[in-house]
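Okay, upload-v2.cif is below, mmCIF, C-alpha atoms and all ligand atoms:
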```cif
data_protein
loop_
_atom_site.label_atom_id
_atom_site.label_comp_id
_atom_site.auth_asym_id
_atom_site.auth_seq_id
_atom_site.Cartn_x
_atom_site.Cartn_y
_atom_site.Cartn_z
CA MET A 1 112.42 93.84 95.75
CA THR A 2 109.36 92.92 97.77
CA HIS A 3 107.37 96.05 97.86
CA VAL A 4 107.13 99.22 95.80
CA ASN A 5 106.34 102.23 97.89
CA THR A 6 103.38 103.89 96.24
CA PHE A 7 102.59 106.16 99.19
CA THR A 8 105.13 108.92 98.71
CA LEU A 9 105.56 112.57 99.50
CA LYS A 10 105.21 114.84 96.45
CA ASN A 11 104.96 118.63 96.78
CA ASN A 12 104.89 118.14 100.54
CA LEU A 13 101.75 116.00 100.37
CA ILE A 14 101.53 112.24 100.75
CA HIS A 15 100.05 110.74 97.61
CA ALA A 16 98.60 107.32 96.92
CA GLU A 17 100.10 106.77 93.46
CA ASN A 18 99.17 110.09 91.76
CA VAL A 19 96.36 111.12 94.07
CA PRO A 20 97.01 113.40 97.08
CA LEU A 21 95.52 111.92 100.25
CA THR A 22 94.01 115.35 100.94
CA HIS A 23 91.89 114.89 97.82
CA ILE A 24 90.69 111.50 99.05
CA ALA A 25 89.79 112.91 102.47
CA GLU A 26 87.85 115.80 100.89
CA THR A 27 86.02 113.54 98.45
CA PHE A 28 85.25 110.49 100.54
CA GLY A 29 85.65 111.64 104.14
CA THR A 30 87.68 110.08 106.95
CA PRO A 31 88.46 107.64 108.39
CA CYS A 32 89.01 105.58 105.25
CA TYR A 33 91.30 102.88 104.03
CA VAL A 34 93.25 103.74 100.89
CA TYR A 35 94.88 101.04 98.77
CA SER A 36 97.24 101.23 95.83
CA GLN A 37 96.42 98.94 92.92
CA LYS A 38 99.98 99.16 91.69
CA ALA A 39 101.40 98.05 95.03
CA LEU A 40 98.98 95.11 95.16
CA THR A 41 99.71 94.05 91.59
CA GLN A 42 103.46 94.32 91.97
CA ALA A 43 103.47 92.42 95.24
CA LEU A 44 101.62 89.47 93.71
CA GLU A 45 103.68 89.50 90.53
CA CYS A 46 106.91 89.77 92.44
CA PHE A 47 105.93 86.94 94.79
CA SER A 48 105.05 84.64 91.88
CA ALA A 49 108.13 85.57 89.85
CA GLY A 50 110.31 83.51 92.16
CA TYR A 51 108.67 80.29 90.97
CA GLN A 52 108.86 80.78 87.21
CA GLY A 53 109.31 77.52 85.37
CA MET A 54 108.02 75.32 88.15
CA GLN A 55 104.58 74.17 89.22
CA HIS A 56 103.27 76.52 91.86
CA LEU A 57 100.10 78.11 93.17
CA VAL A 58 99.91 81.34 95.15
CA CYS A 59 96.79 81.31 97.33
CA PHE A 60 96.17 84.76 98.79
CA ALA A 61 95.10 84.47 102.45
CA VAL A 62 91.64 86.04 102.22
CA LYS A 63 91.47 86.84 105.93
CA SER A 64 94.16 89.48 105.59
CA ASN A 65 91.97 91.59 103.30
CA PRO A 66 88.76 90.12 101.93
CA ASN A 67 87.46 93.10 99.95
CA LEU A 68 85.88 91.87 96.70
CA ALA A 69 87.87 94.32 94.59
CA ILE A 70 91.14 93.01 96.00
CA LEU A 71 90.11 89.37 95.57
CA ASN A 72 88.97 90.13 92.02
CA LEU A 73 92.24 91.90 91.18
CA PHE A 74 94.25 88.94 92.45
CA ALA A 75 91.96 86.45 90.67
CA ARG A 76 92.48 88.33 87.40
CA LEU A 77 96.23 88.14 87.97
CA GLY A 78 95.94 84.35 88.29
CA ALA A 79 96.05 83.88 92.06
CA GLY A 80 94.26 81.24 94.07
CA PHE A 81 92.95 81.76 97.59
CA ASP A 82 93.41 80.41 101.09
CA ILE A 83 90.07 80.46 102.89
CA VAL A 84 89.08 79.64 106.46
CA SER A 85 85.29 79.77 106.33
CA GLY A 86 82.25 79.30 104.14
CA GLY A 87 81.94 83.07 104.18
CA GLU A 88 85.37 83.48 102.64
CA LEU A 89 84.53 80.84 100.01
CA ALA A 90 81.38 82.80 99.09
CA ARG A 91 83.46 85.99 98.79
CA VAL A 92 86.02 84.32 96.54
CA LEU A 93 83.30 83.00 94.25
CA ALA A 94 81.48 86.36 94.24
CA ALA A 95 84.75 88.04 93.28
CA GLY A 96 85.22 85.72 90.30
CA GLY A 97 87.87 83.54 91.96
CA ASP A 98 88.55 80.08 90.57
CA ALA A 99 87.40 77.39 93.03
CA SER A 100 89.93 74.96 91.61
CA LYS A 101 92.66 77.21 93.04
CA VAL A 102 91.23 77.39 96.57
CA VAL A 103 92.72 75.77 99.67
CA PHE A 104 90.52 75.54 102.75
CA SER A 105 92.34 75.86 106.10
CA GLY A 106 90.99 76.15 109.65
CA VAL A 107 90.47 73.97 112.71
CA GLY A 108 86.68 74.12 112.88
CA LYS A 109 85.21 73.42 109.46
CA THR A 110 81.51 72.62 109.74
CA ALA A 111 79.76 69.98 107.64
CA ASP A 112 77.94 72.78 105.79
CA GLU A 113 81.22 74.47 104.95
CA MET A 114 82.66 71.18 103.73
CA ARG A 115 79.61 70.63 101.51
CA ALA A 116 79.90 74.10 99.99
CA ALA A 117 83.59 73.60 99.27
CA LEU A 118 83.03 70.15 97.74
CA GLU A 119 80.19 71.53 95.64
CA ALA A 120 82.42 74.36 94.39
CA GLY A 121 85.25 71.91 93.62
CA ILE A 122 88.14 73.37 95.59
CA PHE A 123 91.79 72.45 95.09
CA CYS A 124 92.41 71.04 98.56
CA PHE A 125 91.17 70.79 102.13
CA ASN A 126 93.92 71.48 104.66
CA VAL A 127 92.70 69.10 107.34
CA GLU A 128 93.69 69.98 110.89
CA SER A 129 92.65 66.93 112.98
CA ALA A 130 91.85 63.22 112.78
CA SER A 131 88.19 63.96 113.62
CA GLU A 132 87.94 66.46 110.80
CA LEU A 133 89.19 63.80 108.39
CA VAL A 134 86.45 61.38 109.51
CA ARG A 135 83.79 64.06 109.10
CA LEU A 136 85.08 65.09 105.67
CA ASN A 137 85.08 61.47 104.50
CA ASP A 138 81.44 61.15 105.64
CA VAL A 139 80.30 64.41 104.06
CA ALA A 140 82.06 63.63 100.77
CA GLY A 141 80.68 60.06 100.81
CA PHE A 142 77.15 61.35 101.24
CA MET A 143 77.62 63.62 98.23
CA GLY A 144 79.22 60.87 96.15
CA LYS A 145 82.44 62.88 95.96
CA VAL A 146 86.09 62.41 96.85
CA ALA A 147 87.71 65.18 98.88
CA PRO A 148 91.27 66.24 97.98
CA VAL A 149 93.23 66.53 101.21
CA SER A 150 96.46 67.72 102.79
CA LEU A 151 97.10 67.33 106.47
CA ARG A 152 98.22 70.50 108.17
CA VAL A 153 101.23 69.30 110.06
CA ASN A 154 102.70 71.14 112.95
CA PRO A 155 106.45 71.10 112.38
CA ASN A 156 107.10 72.33 115.93
CA VAL A 157 109.36 75.21 114.98
CA ASP A 158 109.52 78.53 116.72
CA ALA A 159 108.44 81.24 114.28
CA LYS A 160 109.99 83.89 116.55
CA THR A 161 107.01 86.17 116.25
CA HIS A 162 104.26 87.47 118.52
CA PRO A 163 102.78 84.52 120.52
CA TYR A 164 99.25 85.34 119.31
CA ILE A 165 100.30 84.84 115.69
CA SER A 166 102.72 81.93 116.16
CA THR A 167 100.99 78.76 115.07
CA GLY A 168 103.56 76.04 114.43
CA LEU A 169 104.40 75.03 117.99
CA LYS A 170 103.31 71.79 119.65
CA SER A 171 101.15 73.73 122.08
CA SER A 172 99.11 75.35 119.32
CA LYS A 173 95.53 74.41 118.43
CA PHE A 174 96.45 74.27 114.75
CA GLY A 175 97.36 71.25 112.67
CA VAL A 176 98.28 67.75 113.79
CA ALA A 177 101.41 66.90 115.76
CA TYR A 178 104.36 66.00 113.59
CA GLU A 179 104.73 62.68 115.38
CA ASP A 180 101.11 61.71 114.62
CA ALA A 181 101.12 62.78 110.98
CA LEU A 182 102.24 59.49 109.40
CA ASP A 183 99.58 57.50 111.24
CA ILE A 184 96.81 59.88 110.26
CA TYR A 185 97.99 59.83 106.64
CA LEU A 186 97.83 56.02 106.68
CA GLN A 187 94.25 56.24 107.98
CA ALA A 188 93.39 58.84 105.33
CA ALA A 189 94.74 56.59 102.58
CA GLN A 190 92.21 53.93 103.64
CA MET A 191 89.20 56.26 103.50
CA PRO A 192 87.11 55.76 100.36
CA ASN A 193 86.08 59.41 99.98
CA ILE A 194 89.42 61.00 100.77
CA ALA A 195 92.22 61.48 98.24
CA VAL A 196 95.56 62.37 99.77
CA HIS A 197 97.06 65.11 97.61
CA GLY A 198 99.47 67.08 99.73
CA VAL A 199 101.18 68.10 102.95
CA ASP A 200 100.52 71.50 104.47
CA CYS A 201 102.04 73.66 107.18
CA HIS A 202 101.74 77.25 108.34
CA ILE A 203 103.99 78.24 111.21
CA GLY A 204 102.90 81.76 112.00
CA SER A 205 102.67 85.29 110.73
CA GLN A 206 104.89 88.38 110.50
CA ILE A 207 107.98 86.15 110.41
CA THR A 208 111.03 88.25 109.67
CA GLU A 209 113.72 85.57 109.38
CA LEU A 210 114.23 82.81 106.85
CA SER A 211 115.38 80.17 109.32
CA PRO A 212 111.97 79.13 110.73
CA PHE A 213 110.69 78.59 107.17
CA LEU A 214 113.74 76.51 106.31
CA ASP A 215 113.44 74.41 109.48
CA ALA A 216 109.76 73.80 108.80
CA PHE A 217 110.44 72.84 105.18
CA ASP A 218 113.14 70.37 106.26
CA ARG A 219 110.70 68.63 108.55
CA ILE A 220 107.97 68.59 105.90
CA LEU A 221 110.35 67.08 103.34
CA ALA A 222 111.34 64.36 105.82
CA LEU A 223 107.64 63.57 106.21
CA VAL A 224 107.10 63.55 102.43
CA ASP A 225 109.92 61.00 102.12
CA ALA A 226 108.49 58.88 104.94
CA LEU A 227 105.09 58.97 103.24
CA ALA A 228 106.63 57.87 99.96
CA SER A 229 108.26 54.86 101.62
CA ASN A 230 104.79 53.98 102.90
CA GLY A 231 103.32 54.13 99.42
CA ILE A 232 101.77 57.59 99.74
CA HIS A 233 102.99 59.87 96.99
CA ILE A 234 101.93 63.44 97.42
CA GLN A 235 101.48 65.95 94.61
CA HIS A 236 101.93 69.24 96.39
CA ILE A 237 103.51 70.84 99.43
CA ASP A 238 101.74 73.85 100.91
CA LEU A 239 104.16 76.02 102.88
CA GLY A 240 101.51 78.39 104.22
CA GLY A 241 102.01 82.12 104.56
CA GLY A 242 103.77 84.14 107.18
CA ILE A 243 106.40 86.27 105.45
CA GLY A 244 106.64 89.48 107.42
CA ILE A 245 106.66 93.06 106.20
CA CYS A 246 108.45 96.17 107.34
CA TYR A 247 106.22 98.15 109.70
CA HIS A 248 109.03 100.06 111.37
CA ASN A 249 112.56 98.75 111.13
CA GLU A 250 112.09 95.03 110.53
CA THR A 251 114.09 93.45 107.73
CA PRO A 252 112.02 90.50 106.49
CA PRO A 253 113.43 88.27 103.74
CA ASP A 254 112.55 89.64 100.32
CA PHE A 255 110.44 87.47 98.01
CA ALA A 256 113.36 86.56 95.77
CA SER A 257 115.53 85.26 98.61
CA TYR A 258 112.61 83.41 100.13
CA ALA A 259 111.81 81.78 96.77
CA ALA A 260 115.43 80.90 96.08
CA ALA A 261 115.74 79.25 99.48
CA MET A 262 112.52 77.26 99.02
CA ARG A 263 113.51 76.13 95.52
CA GLU A 264 116.90 75.03 96.72
CA LYS A 265 115.38 72.96 99.54
CA LEU A 266 112.89 71.36 97.20
CA GLY A 267 115.72 70.18 94.95
CA ASN A 268 114.54 68.06 92.04
CA ARG A 269 111.40 66.67 93.67
CA LYS A 270 108.52 66.86 91.22
CA VAL A 271 105.86 68.39 93.44
CA LYS A 272 103.88 71.58 93.14
CA LEU A 273 104.60 74.28 95.73
CA VAL A 274 101.62 76.10 97.22
CA PHE A 275 101.89 79.31 99.25
CA GLU A 276 99.34 81.21 101.32
CA PRO A 277 100.72 84.74 101.70
CA GLY A 278 98.42 87.39 103.13
CA ARG A 279 100.19 90.26 104.84
CA ALA A 280 103.16 90.26 102.46
CA LEU A 281 100.86 90.98 99.49
CA VAL A 282 98.58 93.62 100.98
CA GLY A 283 100.11 95.00 104.19
CA ASN A 284 102.15 97.80 102.70
CA ALA A 285 99.65 98.44 99.92
CA GLY A 286 97.19 100.23 102.20
CA VAL A 287 96.97 103.08 104.70
CA LEU A 288 94.30 104.21 107.10
CA LEU A 289 93.59 107.89 106.57
CA THR A 290 92.34 109.80 109.58
CA GLN A 291 91.90 113.37 110.80
CA VAL A 292 92.92 114.98 114.08
CA GLU A 293 89.77 116.03 115.93
CA TYR A 294 91.34 117.42 119.09
CA ILE A 295 94.71 118.16 120.55
CA LYS A 296 94.54 117.58 124.28
CA PRO A 297 97.60 118.41 126.35
CA THR A 298 97.55 116.95 129.87
CA GLU A 299 100.05 117.10 132.70
CA THR A 300 101.83 113.95 131.57
CA LYS A 301 100.94 113.46 127.92
CA ASN A 302 99.83 115.21 124.77
CA PHE A 303 96.96 113.41 123.16
CA ALA A 304 96.04 113.78 119.53
CA ILE A 305 92.52 112.43 119.32
CA VAL A 306 91.83 111.25 115.79
CA ASN A 307 88.63 110.05 114.12
CA ALA A 308 89.91 106.49 113.55
CA ALA A 309 90.02 104.08 116.46
CA MET A 310 90.69 100.55 117.63
CA ASN A 311 87.48 99.44 115.94
CA ASP A 312 88.99 100.49 112.58
CA LEU A 313 92.52 99.17 113.21
CA MET A 314 92.76 96.76 116.08
CA ARG A 315 96.39 95.70 115.75
CA PRO A 316 97.93 98.28 118.11
CA ALA A 317 95.37 97.56 120.86
CA LEU A 318 95.48 93.79 120.39
CA TYR A 319 99.16 93.07 119.77
CA ASP A 320 100.80 96.33 120.77
CA ALA A 321 101.66 96.44 117.07
CA TYR A 322 103.58 99.39 115.66
CA HIS A 323 102.27 101.27 112.62
CA GLU A 324 104.12 104.31 111.37
CA ILE A 325 102.02 107.45 111.55
CA LYS A 326 102.77 110.25 109.12
CA ALA A 327 101.37 113.71 108.65
CA VAL A 328 99.76 113.85 105.21
CA LYS A 329 100.93 117.46 104.87
CA PRO A 330 103.99 117.75 107.10
CA ARG A 331 104.34 121.10 108.85
CA ASP A 332 107.50 122.93 109.78
CA ALA A 333 108.00 123.17 113.53
CA THR A 334 107.59 126.69 114.88
CA GLU A 335 108.10 128.27 118.27
CA THR A 336 104.37 128.18 118.94
CA ASN A 337 103.86 124.78 117.34
CA PRO A 338 106.98 122.71 117.97
CA GLU A 339 107.55 119.04 117.24
CA ILE A 340 106.37 117.13 120.30
CA CYS A 341 105.51 113.60 121.31
CA TYR A 342 101.88 112.68 120.84
CA GLU A 343 99.77 109.78 121.95
CA ILE A 344 97.66 109.10 118.88
CA VAL A 345 94.34 107.83 120.21
CA GLY A 346 90.80 107.28 118.99
CA PRO A 347 87.40 108.20 120.41
CA VAL A 348 86.53 104.69 121.68
CA CYS A 349 85.89 104.38 125.41
CA GLU A 350 88.82 102.14 126.27
CA SER A 351 92.26 103.10 127.53
CA GLY A 352 93.59 100.50 125.10
CA ASP A 353 92.24 102.53 122.20
CA PHE A 354 95.46 103.86 120.77
CA LEU A 355 97.02 103.83 117.31
CA GLY A 356 100.50 104.94 118.32
CA HIS A 357 102.46 105.97 121.40
CA ASP A 358 105.09 108.68 121.65
CA ARG A 359 104.98 109.88 118.04
CA LYS A 360 107.01 112.97 117.28
CA LEU A 361 104.89 115.22 115.09
CA VAL A 362 104.01 118.83 114.43
CA LEU A 363 100.24 118.88 114.56
CA GLN A 364 97.17 121.06 114.55
CA GLU A 365 93.54 120.14 114.90
CA GLY A 366 92.12 119.24 111.50
CA ASP A 367 95.40 117.77 110.20
CA LEU A 368 95.28 114.51 108.28
CA LEU A 369 97.38 111.54 109.34
CA ALA A 370 98.21 108.38 107.43
CA ILE A 371 98.51 105.22 109.51
CA MET A 372 100.90 103.23 107.37
CA SER A 373 101.06 99.51 106.52
CA ALA A 374 97.38 99.04 107.28
CA GLY A 375 96.43 96.97 104.22
CA ALA A 376 96.55 93.63 106.05
CA TYR A 377 94.41 92.72 109.07
CA GLY A 378 93.13 96.30 109.20
CA MET A 379 89.66 96.46 107.70
CA SER A 380 89.33 92.68 108.01
CA MET A 381 89.53 92.86 111.81
CA SER A 382 87.44 96.00 112.19
CA SER A 383 84.28 96.07 114.27
CA ASN A 384 81.33 98.29 115.05
CA TYR A 385 82.32 98.74 118.70
CA ASN A 386 80.82 101.94 120.13
CA THR A 387 78.35 101.82 117.22
CA ARG A 388 80.93 103.21 114.87
CA PRO A 389 80.27 102.59 111.17
CA ARG A 390 83.11 100.84 109.43
CA ALA A 391 85.33 103.10 107.33
CA ALA A 392 85.07 103.43 103.57
CA GLU A 393 87.67 101.70 101.39
CA ILE A 394 89.14 103.43 98.36
CA MET A 395 91.30 101.89 95.64
CA VAL A 396 93.68 104.18 93.81
CA ASN A 397 94.88 103.34 90.32
CA GLN A 398 97.27 106.00 89.03
CA ASP A 399 95.09 109.14 89.14
CA GLN A 400 91.75 107.36 89.57
CA CYS A 401 89.91 106.58 92.80
CA HIS A 402 87.27 103.88 93.19
CA VAL A 403 85.11 103.34 96.24
CA ILE A 404 85.48 99.61 96.85
CA ARG A 405 83.43 99.66 100.04
CA GLN A 406 81.10 102.43 101.06
CA ARG A 407 81.23 103.83 104.53
CA GLU A 408 78.64 102.00 106.61
CA ARG A 409 75.47 103.89 107.44
CA ILE A 410 74.53 104.22 111.08
CA GLU A 411 70.97 102.97 110.55
CA ASP A 412 72.35 99.75 109.03
CA LEU A 413 74.25 99.02 112.22
CA PHE A 414 71.07 98.22 114.10
CA ALA A 415 68.86 97.20 111.18
CA LEU A 416 68.97 93.51 112.17
CA GLU A 417 67.95 94.16 115.76
CA ALA A 418 64.41 93.93 117.12
CA ILE A 419 62.59 95.53 119.99
CA LEU A 420 60.66 93.20 122.34
CA PRO A 421 56.89 93.19 121.75
CA ASN A 422 56.20 93.76 125.44
CA ILE A 423 58.20 93.92 128.63
CA THR A 424 55.74 92.49 131.14
N1 LIG A 501 97.56 80.49 106.07
C1 LIG A 501 97.00 80.23 107.27
C2 LIG A 501 96.54 78.87 107.54
C3 LIG A 501 96.88 81.26 108.23
O1 LIG A 501 96.34 80.99 109.41
C4 LIG A 501 97.35 82.56 107.91
C5 LIG A 501 97.22 83.66 108.87
C6 LIG A 501 97.89 82.79 106.64
C7 LIG A 501 98.01 81.72 105.74
C8 LIG A 501 98.40 84.12 106.20
O2 LIG A 501 99.46 84.56 106.98
P1 LIG A 501 100.26 85.89 106.57
O3 LIG A 501 100.96 85.60 105.26
O4 LIG A 501 99.29 86.98 106.44
O5 LIG A 501 101.22 86.09 107.68
N2 LIG A 501 95.75 89.25 112.81
C9 LIG A 501 97.18 89.03 112.90
C10 LIG A 501 97.65 87.99 111.92
C11 LIG A 501 96.92 86.66 112.07
C12 LIG A 501 97.36 85.65 111.04
C13 LIG A 501 96.44 84.49 111.03
N3 LIG A 501 96.74 83.50 110.06
C14 LIG A 501 97.88 90.37 112.70
O6 LIG A 501 97.21 91.38 112.52
O7 LIG A 501 99.10 90.44 112.77
#
```
Show me, as structure tokens, the structure contained in the file I just sent.
Amino acid sequence: MTHVNTFTLKNNLIHAENVPLTHIAETFGTPCYVYSQKALTQALECFSAGYQGMQHLVCFAVKSNPNLAILNLFARLGAGFDIVSGGELARVLAAGGDASKVVFSGVGKTADEMRAALEAGIFCFNVESASELVRLNDVAGFMGKVAPVSLRVNPNVDAKTHPYISTGLKSSKFGVAYEDALDIYLQAAQMPNIAVHGVDCHIGSQITELSPFLDAFDRILALVDALASNGIHIQHIDLGGGIGICYHNETPPDFASYAAAMREKLGNRKVKLVFEPGRALVGNAGVLLTQVEYIKPTETKNFAIVNAAMNDLMRPALYDAYHEIKAVKPRDATETNPEICYEIVGPVCESGDFLGHDRKLVLQEGDLLAIMSAGAYGMSMSSNYNTRPRAAEIMVNQDQCHVIRQRERIEDLFALEAILPNIT
């Protein structure tokens, strides 16, 4: 099993674990993100369980949900972290994460970010270009340190996912071309302040089939063998993240089958496996709770205008992504209030501001809705567009609720701005 469903209907009310979402809305207001600690814990434990008895490191992809409470929970459960900025490194350290379990990915690492990561003593830099390698060697040399490195290699496989989140093709800005990898490794091996530790790849996100992972792994193993015949013996293979989740009717591989397939491919090679899952650990562990402000029937469509918007959850507007939308307290259809198709939209001034199209629901103004599977790339991609404060985040643990991020205050949204002294 990949995911325990901790958002279930009990007494005709959706609960997060043992807490009715109505209680959360009354106590903390809406819109808010609600997470289940049990779902998070079980996802991480279940992911790791597949690698019992072998060297492995699960590095949670911070970008998918960087809340300190979530990072801290995963750190306490033994996870490492995949970061892509100095900001994410600072979060991991503030959350009590172990720097020696951190991998640093990303195509644009600055010298300052490299220094901070070297200072902290991270596990590995996932280097994405020849120029980055030169810069890292310089920065490390200046500090009198040696930087542990993997090259992020582009295995040129089609991840069969949305083009915006497919990263392993030749045309992508990520990683180095497969054909160039050996050469760059040979250069790296000559650099005094670089230590070659691993090979890395990440082919995309929301991947719902095993085959792209297997194809990528095959290519990586061929490279590992070629490196070995050139005297470069690597200690770990980082297979990135990318396992999809079920938003609607997808059937992604479960963690156990994914792990079994990866173990089988690895065979008896004595290398550590590193993974960078994001969405698969947090996606289905969170919902966005919102309230219907207005019902607005028009000639062609029925709009349900809710108090969450594209600034809170950008995925529908940006990728046309589907999130299930459920009534927190489902109503029976009546003659005066039948089940009809609603456009679920927010208050932001953009036609692209929608959370769901054509959703069959029985609704009244004031009803609460749960936008499902919003734990990954929800809050982390939110913005203040239209000067909307970011939503609160609440963690539920059995029958307890904890505010893990307060709702932003409007005055804070412009606190860093300044008025010109004069306008002449
Ligand atoms: N490692 C690297 C180097 C990545 O770039 C990513 C995600 C991950 C790991 C984690 O991938 P995951 O396991 O979460 O699929 N905003 C998009 C997803 C962008 C993914 C970016 N990279 C969305 O909302 O679907």
Using only C-alpha atoms, list the residues that have an atom at most 7 Å from (102.9, 116.2, 102.8), coordinates as in the file, as a list in words.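 Using only C-alpha atoms, the matching residues come out as Leu9, Lys10, Asn11, Asn12, Leu13, Ile14, Ala327, Val328, Lys329 and Pro330 of chain A.
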Residues within 6 Å of ligand LIG 501 (chain A) should be enumerated using only C-alpha atoms and all ligand atoms and returned as a list in words.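 With only C-alpha atoms and all ligand atoms and a cut-off of 6 Å, ligand LIG 501 (chain A) is contacted by Ala61, Ser64, Ser105, Ile165, His202, Ser205, Gln206, Gly240, Gly241, Gly242, Ile243, Glu276, Pro277, Gly278, Arg279, Ala280, Arg315 and Tyr377 of chain A.
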Take the residues from that selection and write them out as a tab-separated table (two decimals), in the coordinates of the input, keeping C-alpha atoms.
```tsv
chain	number	residue	atom	x	y	z
A	61	ALA	CA	95.10	84.47	102.45
A	64	SER	CA	94.16	89.48	105.59
A	105	SER	CA	92.34	75.86	106.10
A	165	ILE	CA	100.30	84.84	115.69
A	202	HIS	CA	101.74	77.25	108.34
A	205	SER	CA	102.67	85.29	110.73
A	206	GLN	CA	104.89	88.38	110.50
A	240	GLY	CA	101.51	78.39	104.22
A	241	GLY	CA	102.01	82.12	104.56
A	242	GLY	CA	103.77	84.14	107.18
A	243	ILE	CA	106.40	86.27	105.45
A	276	GLU	CA	99.34	81.21	101.32
A	277	PRO	CA	100.72	84.74	101.70
A	278	GLY	CA	98.42	87.39	103.13
A	279	ARG	CA	100.19	90.26	104.84
A	280	ALA	CA	103.16	90.26	102.46
A	315	ARG	CA	96.39	95.70	115.75
A	377	TYR	CA	94.41	92.72	109.07
```
Which polymer residues have any atom within 7 Å of an atom of A:Ala16, counting all atoms listed in the file, with same-chain residues fewer than 4 positions away left out, as a list in words?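 Using all atoms listed in the file, the neighbours found are Thr6, Phe7, Thr8, Pro20, Leu21, Ser36 and Val396 of chain A.
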Have a look at atom CA of A:Asn397 and atom CA of A:Asp254 and let me know their distance in Å, one decimal.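 Separating atom CA of A:Asn397 from atom CA of A:Asp254 is a distance of 24.5 Å.
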How far is it from atom CA of A:Ala321 to atom CA of A:Ile245, in Å with one decimal? 12.4 Å
Axis-aligned box for all listed atoms of stretch 26-37 of chain A, 5 Å per side, centre and edges in Å to one decimal, as JSON:
```
{"center_x": 91.2, "center_y": 107.4, "center_z": 100.7, "size_x": 22.0, "size_y": 26.9, "size_z": 25.5}
```
Looking at all atoms listed in the file, which of A:Asn5, A:Ser257, A:Tyr185, A:Arg331 is the one that sits closest to A:Gly283?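 Ranking A:Asn5, A:Ser257, A:Tyr185, A:Arg331 by distance to A:Gly283, first place goes to A:Asn5.
With only C-alpha atoms as the atoms that count, the minimum distance from A:Val403 to the choices A:Leu313, A:Tyr33, A:Thr22, A:Val92 is reached by A:Tyr33.
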Residues within 9 Å of stretch 42-49 of chain A, please, as a ChimeraX atom specification. Count all atoms listed in the file; anything in the same chain fewer than 5 positions from it doesn't count. /A:1-4,37,56-58,60,74,77,79,255-256,259,277,280-282,285
Restricting the calculation to all atoms listed in the file, which member of A:Thr30, A:Ala228, A:Gly87, A:Asn422 is positioned closest to A:Val292?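 Of the candidates, the smallest distance to A:Val292 is held by A:Thr30.
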In Å, with one decimal, what is the gap from atom CA of A:Pro148 to atom CA of A:Ala90?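 These atoms are spaced 19.3 Å apart.
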Measuring between all atoms listed in the file, which one of A:Ile203, A:Ala222, A:Met379, A:Cys32 shows the shortest distance to A:Asn307? A:Cys32
Within 10 Å of A:Phe125 using all atoms listed in the file, minus same-chain residues under 5 positions, as a list in words: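 Within the cut-off, the hits are Asp82, Ile83, Val102, Val103, Phe104, Ser105, Gly106, Lys109, Met114, Ala117, Leu118, Leu133, Leu136, Ala147, Pro148, Val149, Ser150, Leu151, Arg152, Val196, His197, Gly198 and Asp200 of chain A.
All protein, DNA and RNA residues at most 10 Å from (90.3, 92.8, 92.8) are Gln37, Leu40, Thr41, Pro66, Asn67, Leu68, Ala69, Ile70, Leu71, Asn72, Leu73, Phe74, Ala75, Arg76, Leu77, Ala95, Gly96, Gly97, Met395 and Ile404 of chain A, using only C-alpha atoms.
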Could you pull the residues within 9 Å of A:Ala188, counting all atoms listed in the file, minus those fewer than 2 positions along the same chain, as a PyMOL selection string? chain A and resi 130+133-134+137+149+183-186+190-192+194-196
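When only C-alpha atoms are used to compute distances to A:Asp98, the closest of the residues A:Phe414, A:Asp215, A:Ser229, A:Gly78 turns out to be A:Gly78.
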Taking into account all atoms listed in the file, which residue in the set A:Asp399, A:Glu417, A:Met381, A:Glu350 is nearest to A:Asn65?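 The closest residue to A:Asn65 is A:Met381.
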Near A:Glu119, within 10 Å and counting all atoms listed in the file, which residues show up once chain neighbours fewer than 5 positions away are dropped, as a count of residues only? 6
